[in-house]
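All remarks here apply to the structure that follows.
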Amino acid sequence: MTDRTYATPPAGLPPQTQPLTDRAVFTTAYAVIPKGVMRDIVTSYLPFWDKTRAWIISRPLSGFAETFAQYIMEVAPSGGSEKPEPDATAQAVLFVVSGTFSLTIAGQTHAMAPGGYAYIPPATSWSVKNDSDVPATFHWIRKAYETVDGIDTPEPFVTSDAAVEPIEMPDTNGAWATTRFVDPTDLRHDMHVNIVSFQPGAVIPFAETHVMEHGLYVLEGKAVYRLNADWVEVEAGDYMWLRAFCPQACYASGPGPFRYLLYKDVNRHPKLTRP
């Protein structure tokens, strides 16, 4: 689908001689989970997933993500699941970062490869099977769908990074662009999972402060990112969570493009009572 390469967890274990200092940060406003801590011993195994492990990098939790969960799934050859989703209210986005597998949604099978993207509505049957001889790795983002009377549930679709033309941000001459897999005005969707790209030296030129919660996984490159009152250096394979209204900005500091997979909750009224 694309000739790009995307970051994956390093797995394994670092040597006993490695210094313990790292870039991992967890605050009430943001978190940084650097690639160096995504190791074998922090993986999870999930019901009805065969030969599969997951790095769960965000989940609904007091003082952490409120609207979504995000996994990095690693499916070994002949692995997968016929019953992947236990929650009928959950919708999903899958984004492939390495390997290949078959994805069946509502009886239709799709060949998934790096850069492949799938949206799966709630209460929809789907399955994954790795028919190759190498592991397949993909992001699985889950959010409980918020129904609205008079608005239909979205339909499933499959596309890819390469198939969607990035949209340049205004007045940036293409230095900052967003690959939008869903029309922002389509109110059926209550979450967007996009890819944001910066050319070397490009910036977010103001401190964005908004109601959307964010999950950002760095697919390529490096940058210095403003999170609340702090500047942190991030690179391919790192993950960031930003609470709603956490100020954010960045500048791409590496020799190549800086790109990340971005989750945000959209198109719904804020809830006035908490569960």
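Please note that chains go A, B, ... in the order of the structure tokens, that every chain numbers its residues from 1, and that ligands are numbered from 1 in the order shown.
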
Item to complete: Output as number ranges by chain all residues of range 154-198 of chain A that backbone DSSP marks as strand (DSSP E or B).
Response: A: 157-160, 167-168, 176-179, 191-198

Could you turn the residues from that selection into a file that holds N, CA and C atoms, as a PDB file, in the first residue's frame?
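Generated file (out37.pdb):
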ATOM      1  N   PHE A 157     -15.222   1.008   6.599  1.00  0.00           N
ATOM      2  CA  PHE A 157     -14.453   1.225   5.372  1.00  0.00           C
ATOM      3  C   PHE A 157     -12.999   0.853   5.612  1.00  0.00           C
ATOM      4  N   VAL A 158     -12.314   0.571   4.511  1.00  0.00           N
ATOM      5  CA  VAL A 158     -10.888   0.244   4.537  1.00  0.00           C
ATOM      6  C   VAL A 158     -10.198   1.096   3.493  1.00  0.00           C
ATOM      7  N   THR A 159      -9.092   1.717   3.877  1.00  0.00           N
ATOM      8  CA  THR A 159      -8.303   2.531   2.954  1.00  0.00           C
ATOM      9  C   THR A 159      -6.841   2.419   3.369  1.00  0.00           C
ATOM     10  N   SER A 160      -6.020   3.414   3.019  1.00  0.00           N
ATOM     11  CA  SER A 160      -4.606   3.360   3.401  1.00  0.00           C
ATOM     12  C   SER A 160      -4.010   4.758   3.442  1.00  0.00           C
ATOM     13  N   ILE A 167      -4.007  16.984   3.382  1.00  0.00           N
ATOM     14  CA  ILE A 167      -4.547  18.328   3.204  1.00  0.00           C
ATOM     15  C   ILE A 167      -3.614  19.317   3.901  1.00  0.00           C
ATOM     16  N   GLU A 168      -3.104  20.278   3.134  1.00  0.00           N
ATOM     17  CA  GLU A 168      -2.194  21.263   3.708  1.00  0.00           C
ATOM     18  C   GLU A 168      -2.932  22.166   4.687  1.00  0.00           C
ATOM     19  N   TRP A 176       3.039  21.689   6.929  1.00  0.00           N
ATOM     20  CA  TRP A 176       2.210  21.023   7.937  1.00  0.00           C
ATOM     21  C   TRP A 176       0.957  20.547   7.221  1.00  0.00           C
ATOM     22  N   ALA A 177       0.678  19.251   7.294  1.00  0.00           N
ATOM     23  CA  ALA A 177      -0.467  18.696   6.574  1.00  0.00           C
ATOM     24  C   ALA A 177      -1.103  17.590   7.401  1.00  0.00           C
ATOM     25  N   THR A 178      -2.382  17.309   7.101  1.00  0.00           N
ATOM     26  CA  THR A 178      -3.125  16.273   7.812  1.00  0.00           C
ATOM     27  C   THR A 178      -3.756  15.318   6.813  1.00  0.00           C
ATOM     28  N   THR A 179      -3.529  14.033   7.013  1.00  0.00           N
ATOM     29  CA  THR A 179      -4.191  12.985   6.242  1.00  0.00           C
ATOM     30  C   THR A 179      -5.476  12.638   6.977  1.00  0.00           C
ATOM     31  N   MET A 191     -15.227  10.205  16.554  1.00  0.00           N
ATOM     32  CA  MET A 191     -13.781  10.221  16.754  1.00  0.00           C
ATOM     33  C   MET A 191     -13.104  10.306  15.399  1.00  0.00           C
ATOM     34  N   HIS A 192     -11.955  10.955  15.382  1.00  0.00           N
ATOM     35  CA  HIS A 192     -11.109  10.987  14.195  1.00  0.00           C
ATOM     36  C   HIS A 192      -9.762  10.384  14.549  1.00  0.00           C
ATOM     37  N   VAL A 193      -9.254   9.559  13.661  1.00  0.00           N
ATOM     38  CA  VAL A 193      -7.886   9.055  13.769  1.00  0.00           C
ATOM     39  C   VAL A 193      -7.207   9.420  12.453  1.00  0.00           C
ATOM     40  N   ASN A 194      -6.349  10.430  12.514  1.00  0.00           N
ATOM     41  CA  ASN A 194      -5.688  10.979  11.332  1.00  0.00           C
ATOM     42  C   ASN A 194      -4.175  10.785  11.427  1.00  0.00           C
ATOM     43  N   ILE A 195      -3.478  11.166  10.366  1.00  0.00           N
ATOM     44  CA  ILE A 195      -2.014  11.247  10.394  1.00  0.00           C
ATOM     45  C   ILE A 195      -1.631  12.708  10.163  1.00  0.00           C
ATOM     46  N   VAL A 196      -0.823  13.234  11.062  1.00  0.00           N
ATOM     47  CA  VAL A 196      -0.343  14.612  10.952  1.00  0.00           C
ATOM     48  C   VAL A 196       1.124  14.571  10.538  1.00  0.00           C
ATOM     49  N   SER A 197       1.484  15.380   9.559  1.00  0.00           N
ATOM     50  CA  SER A 197       2.838  15.372   9.001  1.00  0.00           C
ATOM     51  C   SER A 197       3.442  16.764   9.040  1.00  0.00           C
ATOM     52  N   PHE A 198       4.726  16.819   9.403  1.00  0.00           N
ATOM     53  CA  PHE A 198       5.492  18.065   9.379  1.00  0.00           C
ATOM     54  C   PHE A 198       6.770  17.825   8.586  1.00  0.00           C
TER      55      PHE A 198
END

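Take CA of Phe48 in chain A and CA of Gly99 in chain A: the distance between them is 20.9 Å.
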
Discussion item. Measuring between only C-alpha atoms, which one of A:Ala229, A:Ala136, A:Ala90, A:Ala207 shows the shortest distance to Met112 in chain A?
Written reply: A:Ala136

Discussion item. Can you tell me which residues surround range 119-135 of chain A at a distance of at most 7 Å, considering only C-alpha atoms, apart from same-chain residues fewer than 6 positions away, and format the answer as a VMD selection string?
Written reply: chain A and resid 74 to 84 88 to 94 99 to 106 145 154 to 158

Item to complete: May I have the residues within 9 Å of Glu146 in chain A as a count of residues only, using only C-alpha atoms and disregarding those fewer than 6 positions away in the same chain?
Response: 4

Show which residues sit within 12 Å of Ala65 in chain A, as a compact mmCIF listing (two decimals) with C-alpha atoms, in the first residue's frame. Count only C-alpha atoms, and ignore same-chain residues fewer than 6 positions away.
# COMPACT_ATOMS: atom_id res chain seq x y z
CA PHE A 26 3.26 10.71 33.55
CA THR A 27 1.38 13.80 34.74
CA THR A 28 -2.26 14.75 35.19
CA ALA A 29 -2.10 16.84 31.99
CA TYR A 30 -0.06 14.58 29.72
CA ALA A 31 2.00 11.42 29.51
CA ILE A 56 -1.87 -1.17 25.95
CA ILE A 57 -0.64 2.40 25.76
CA SER A 58 -3.78 4.20 26.93
CA ARG A 59 -6.99 3.24 28.68
CA ARG A 142 -11.29 1.64 20.69
CA LYS A 143 -13.96 4.14 21.67
CA MET A 212 -10.42 17.24 22.31
CA GLU A 213 -8.43 14.59 24.15
CA HIS A 214 -5.44 13.31 22.16
CA GLY A 215 -3.43 10.17 21.70
CA MET A 240 1.94 10.82 23.97
CA TRP A 241 -1.40 11.27 25.72
CA LEU A 242 -2.79 14.80 26.13
CA ARG A 243 -5.70 15.62 28.40
CA ALA A 244 -8.41 17.93 27.07
CA TYR A 263 -6.70 10.26 17.97
CA LYS A 264 -9.25 12.84 19.05
CA ASP A 265 -12.88 12.80 20.18

Considering only C-alpha atoms, give me a table of residues in range 127-228 of chain A that are at most 6 Å from range 69-73 of chain A, with the closest atom pair and distance in Å for each, as JSON lines.
{"residue": "A:Thr137", "atom": "CA", "partner": "A:Met73", "partner_atom": "CA", "distance": 5.4}
{"residue": "A:Phe138", "atom": "CA", "partner": "A:Met73", "partner_atom": "CA", "distance": 5.3}
{"residue": "A:His139", "atom": "CA", "partner": "A:Ile72", "partner_atom": "CA", "distance": 4.5}
{"residue": "A:Trp140", "atom": "CA", "partner": "A:Tyr71", "partner_atom": "CA", "distance": 5.1}
{"residue": "A:Ile141", "atom": "CA", "partner": "A:Gln70", "partner_atom": "CA", "distance": 4.4}
{"residue": "A:Arg142", "atom": "CA", "partner": "A:Ala69", "partner_atom": "CA", "distance": 5.2}

Practice prompt. Measure the distance from CA of Leu227 in chain A to CA of Ala252 in chain A in Å and round it to one decimal.
Written response: 14.6 Å

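Between Pro15 in chain A and the residues A:Gly256, A:Ala223, A:Gly36, A:Tyr239, the shortest atom-to-atom distance, using only C-alpha atoms, involves A:Gly36.
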
Worksheet entry | Minimum-distance residue to Val232 in chain A, chosen among A:Pro255, A:Pro14, A:Gly150, A:Pro34 (using only C-alpha atoms) | A:Pro34
